[in-house]
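Colleague: Following this message is one structure expressed as structure tokens.
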Amino acid sequence: MKPLTDTEATAVVKESITRIVPDADFTLVQPDDRFRDVLELDSLDFLTLVELLSERTGVRIDEEDYPELTTLSDATRFLVGRSKDTAGSAP
């Protein structure tokens, strides 16, 4: 898998959230806002998001990575960085 760009990673995060919260209004979410709070995602919603992000990007997301997924900018940075790591270690 090729590394994600910032634009691709942000799109994947937003599209994945929209699968969980179909009426999510991203005009209310600034890049550094805690999107779980703004969009009212509960713990189960968040776990579903983690699964979707992992499935859609091929990036492994462990429980200790969850703090990296609190804002759109953090989640984007995490996915871009991890996808580079994953692509670099592929045979």
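So you can find residues: chains in the structure tokens are A, B, ... in the order shown, residues in each start at 1, and ligands are numbered from 1 in order.
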Run DSSP on the backbone and give me the residues of chain A it puts in helix (DSSP H, G or I), as a PyMOL selection string.
Modeller: chain A and resi 6-20+26-28+35-38+43-57+63-69+72-89
Colleague: Might you pull out every residue within 8 Å of Pro3 of chain A, with only C-alpha atoms counted and same-chain residues fewer than 6 positions away left off, and present them as a list in words?
Modeller: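 Residues near the query, excluding close chain neighbours: Val80, Ser83, Lys84, Thr86 and Ala87 of chain A.
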Colleague: Please list as a list in words every residue within 10 Å of Arg60 of chain A, counting only C-alpha atoms and excluding residues in the same chain fewer than 2 positions away.
Modeller: Val50, Glu51, Leu53, Ser54, Glu55, Thr57, Gly58, Asp62, Asp65, Leu79, Arg82, Ser83 and Thr86 of chain A
Colleague: Which of these residues is nearest to Thr48 of chain A, using only C-alpha atoms: A:Leu4, A:Asp85, A:Asp74, A:Ile17?
Modeller: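 Ranked by minimum distance to Thr48 of chain A, first place goes to A:Ile17.
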Colleague: Which residue, A:Ile20, A:Val29, A:Val13, A:Ala75, has the smallest gap to Leu44 of chain A when you use only C-alpha atoms?
Modeller: A:Ile20
Colleague: Have a look at A:Ser43, A:Gln30, A:Leu72, A:Ile61 and name the one nearest to Val12 of chain A; count only C-alpha atoms.
Modeller: A:Leu72
Colleague: Applying 12 Å and only C-alpha atoms, which residues near Thr27 of chain A remain after dropping the ones on its own chain fewer than 6 positions away? List them as a ChimeraX atom specification.
Modeller: /A:14,33,35,38-39
Colleague: The selected residues should be written to file as a PDB file, in the first residue's frame (atoms: all heavy atoms).
Modeller:
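Saved the output as out03.pdb:
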```pdb
ATOM      1  N   LYS A  14     -13.066  11.579   7.579  1.00  0.00           N
ATOM      2  CA  LYS A  14     -14.401  12.176   7.457  1.00  0.00           C
ATOM      3  C   LYS A  14     -15.415  11.181   6.888  1.00  0.00           C
ATOM      4  O   LYS A  14     -16.541  11.082   7.382  1.00  0.00           O
ATOM      5  CB  LYS A  14     -14.355  13.430   6.590  1.00  0.00           C
ATOM      6  CG  LYS A  14     -13.696  14.602   7.280  1.00  0.00           C
ATOM      7  CD  LYS A  14     -13.709  15.829   6.390  1.00  0.00           C
ATOM      8  CE  LYS A  14     -13.148  17.046   7.097  1.00  0.00           C
ATOM      9  NZ  LYS A  14     -13.197  18.244   6.232  1.00  0.00           N
ATOM     10  N   ASP A  33     -10.315  20.546  16.884  1.00  0.00           N
ATOM     11  CA  ASP A  33     -11.407  20.240  17.813  1.00  0.00           C
ATOM     12  C   ASP A  33     -11.437  18.746  18.083  1.00  0.00           C
ATOM     13  O   ASP A  33     -11.154  17.942  17.187  1.00  0.00           O
ATOM     14  CB  ASP A  33     -12.770  20.634  17.228  1.00  0.00           C
ATOM     15  CG  ASP A  33     -13.002  22.129  17.198  1.00  0.00           C
ATOM     16  OD1 ASP A  33     -12.255  22.870  17.865  1.00  0.00           O
ATOM     17  OD2 ASP A  33     -13.935  22.554  16.483  1.00  0.00           O
ATOM     18  N   PHE A  35     -13.194  15.842  17.810  1.00  0.00           N
ATOM     19  CA  PHE A  35     -14.393  15.522  17.026  1.00  0.00           C
ATOM     20  C   PHE A  35     -15.353  14.597  17.759  1.00  0.00           C
ATOM     21  O   PHE A  35     -16.556  14.642  17.516  1.00  0.00           O
ATOM     22  CB  PHE A  35     -14.055  14.983  15.630  1.00  0.00           C
ATOM     23  CG  PHE A  35     -13.244  13.724  15.591  1.00  0.00           C
ATOM     24  CD1 PHE A  35     -13.823  12.488  15.798  1.00  0.00           C
ATOM     25  CD2 PHE A  35     -11.896  13.779  15.323  1.00  0.00           C
ATOM     26  CE1 PHE A  35     -13.076  11.328  15.747  1.00  0.00           C
ATOM     27  CE2 PHE A  35     -11.122  12.628  15.256  1.00  0.00           C
ATOM     28  CZ  PHE A  35     -11.725  11.396  15.480  1.00  0.00           C
ATOM     29  N   VAL A  38     -17.525  17.129  19.636  1.00  0.00           N
ATOM     30  CA  VAL A  38     -18.337  17.972  18.752  1.00  0.00           C
ATOM     31  C   VAL A  38     -19.433  17.160  18.065  1.00  0.00           C
ATOM     32  O   VAL A  38     -20.577  17.599  17.963  1.00  0.00           O
ATOM     33  CB  VAL A  38     -17.453  18.691  17.703  1.00  0.00           C
ATOM     34  CG1 VAL A  38     -18.304  19.479  16.727  1.00  0.00           C
ATOM     35  CG2 VAL A  38     -16.441  19.602  18.389  1.00  0.00           C
ATOM     36  N   LEU A  39     -19.092  15.967  17.603  1.00  0.00           N
ATOM     37  CA  LEU A  39     -20.052  15.135  16.859  1.00  0.00           C
ATOM     38  C   LEU A  39     -20.771  14.125  17.752  1.00  0.00           C
ATOM     39  O   LEU A  39     -21.555  13.318  17.268  1.00  0.00           O
ATOM     40  CB  LEU A  39     -19.335  14.415  15.713  1.00  0.00           C
ATOM     41  CG  LEU A  39     -18.697  15.343  14.679  1.00  0.00           C
ATOM     42  CD1 LEU A  39     -17.894  14.533  13.673  1.00  0.00           C
ATOM     43  CD2 LEU A  39     -19.744  16.190  13.981  1.00  0.00           C
TER      44      LEU A  39
END
```
Colleague: Mind giving me the straight-line distance from atom CA of Thr76 of chain A to atom CA of Asp25 of chain A in Å, one decimal?
Modeller: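 One can read the atom CA of Thr76 of chain A to atom CA of Asp25 of chain A distance as 18.0 Å.
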Colleague: For Thr71 of chain A, which of A:Thr18, A:Val59, A:Leu49, A:Pro31 is the closest residue, counting only C-alpha atoms?
Modeller: A:Pro31
Colleague: Atom CA of Phe26 of chain A and atom CA of Thr7 of chain A, how far apart in Å?
Modeller: 14.9 Å
